[in-house]
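What follows is one structure encoded as structure tokens, with my remarks underneath.
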Amino acid sequence: AAGGTAVFAAGDVRVTSTITIPASTKVIAYGAIFDIEITGAYPGIAVNDNTSWEGGTVVTTGISGYVSGEDHTAFTIGDYTTGVGYDNVSISKVTVSATGPTPPNTILVTGDSSNIYLGDITVSSSATTACGILVHWGANFGAGNPSAVNPSKHPHNVTIERCNIGALTYPNATWGISLSGVYATTVRDCTVAQAHFGIDWVAGDYGFKYSGFTNATTLNGVSFNNCIVKKATGHGIVVDGGVELFTETSENFVTFNDCNVTGPSTEAALSGST
């Protein structure tokens with residue numbers, strides 16, 4: 001019910017197109033299992049402002065038509081190619097998976113989305129998934145690449161806590177939790193069972209050069225706290241503030257508190273400039 005609360009009973013729900021949560025709507029789905037098949041460049045579930053999802057299981061299977069990282073996800077918050085984000089969104093106490101012939105991201109937060117809460121989420125193990133949780137800058141690419149007159153858009157005021165990422169075993173191209181071009185974001189008490197890159201922080205493909213923010217705001221307030229990577233086939237912890245796409249990052253602000261990489265075949269590393 002738009003502008004109200006939608007309660008799903010326990011049981012299986014099979015869907016062959018994107019589920020869009022209307023603005024100011026709360027979904028309660030304990031015991032419900034959503035089997036979503038997607039053909040085309042669309043997410044499994046798309047949200048709007050002031051929405052929440054609590055409980056249940058969401059299984060998204062991409063059939064064909066994947067174009068970019070916002071496609072075939074379990075949840076997508078915001079629009080990467082326009083930079084438009086959503087405000088006041090909560091996703092909690094849900095088990096999610098996203099698979100497909102082109103490995104998709106499971107949960108994507110993008111654009112200038114703000115006041116986002118991701119809590120008590122389990123990302124299922126998979127051999128055909130790219131990333132467990134990805135928070136990534138966006139832009140209005142219809143107006144060209146980011147520039148002084150077409151600034152990039154960056155997620156902020158994001159909290160990710162008590163999330164468990166399963167074993168993501170697609171060869172050499174998986175990320176447990178990845179943040180790219182975000183600020184005012186906290187990740188705490190999360191565990192990654194296995195990924196090529198366990199915890200990944202990147203200043204942003206354009207390094208905030210065209211974000212329009214002052215240096216006092218740029219990349220400020222990002223922290224990872226009490227996070228564990230049990231197995232990394234590449235790097236356990238990646239920090240990358242280097243030059244990408246011919247732009248530069250001048251200031252980096254990220255902290256790691258009580259984060260650990262454990263188990264066999266792991267490597268804790270700082271990669272790139274910090």
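Ligands are numbered from 1 in the order shown, chains are lettered A, B, ... in the order of the structure tokens, and residues start at 1 in each chain.
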
For range 13-91 of chain A against range 148-170 of chain A, with a cut-off of 9 Å and counting only C-alpha atoms, what is the closest atom pair and its distance in Å to one decimal for every residue that makes the cut, ordered by chain and number, as CSV?
residue,atom,partner,partner_atom,distance
A:Tyr80,CA,A:Lys153,CA,8.8
A:Thr82,CA,A:Lys153,CA,8.9
A:Gly83,CA,A:Lys153,CA,5.4
A:Val84,CA,A:Lys153,CA,7.7
A:Gly85,CA,A:Pro155,CA,7.7

>> Which of range 13-203 of chain A end up as strand (DSSP E or B) when DSSP is run on this backbone - answer as an MDAnalysis selection string?
In response: chainID A and resid 13:15 19:20 26:28 32:39 45:46 51:54 57:64 75:77 87:92 95:99 105:110 114:119 122:123 126 131:136 138 147 150 153 156:161 164:168 175:180 183:188 191:202

> Could you pull the residues within 12 Å of Val109 in chain A, counting only C-alpha atoms, minus those fewer than 2 positions along the same chain, as a ChimeraX atom specification?
Replying inline: /A:43,46-48,69-70,73-80,83-87,89-91,105-107,111-118,131-138,153-160,177-182,185

> With distances taken over only C-alpha atoms, which of A:Gly11, A:Gly4, A:Gly65, A:Pro171 is nearest to Ser52 in chain A?
Replying inline: A:Gly4

> Nearest to Ile228 in chain A among A:Thr18, A:Thr129, A:Thr262, A:Ser211, with distances taken over only C-alpha atoms: which residue is it?
Replying inline: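 The closest residue to Ile228 in chain A is A:Thr262.
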
>> Restricting the calculation to only C-alpha atoms: of A:Gly40, A:Gly204, A:Pro104, A:Gly236, which residue gets closest to Ala139 in chain A?
In response: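 Selected residue with least distance to Ala139 in chain A: A:Gly204.
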
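Minimum atom-to-atom distance to Gly56 in chain A, evaluated using only C-alpha atoms, belongs to A:Lys93 out of A:His72, A:Lys26, A:Lys93, A:Arg188.
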
> So, counting only C-alpha atoms, which residue among A:Phe8, A:Trp53, A:Trp175, A:Phe34 is closest to Asp120 in chain A?
Replying inline: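 Closest to Asp120 in chain A, using only C-alpha atoms: A:Trp53.
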
> In Å to one decimal, how far is CA of Thr51 in chain A from CA of Ile21 in chain A?
Replying inline: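 Computing the Euclidean distance for CA of Ile21 in chain A and CA of Thr51 in chain A yields 7.1 Å.
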
> For Ser97 in chain A, which residue among A:Cys259, A:Val123, A:Ala130, A:Val192 is the nearest when counting only C-alpha atoms?
Replying inline: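 Answer, going by the shortest atom-to-atom distance: A:Val123.
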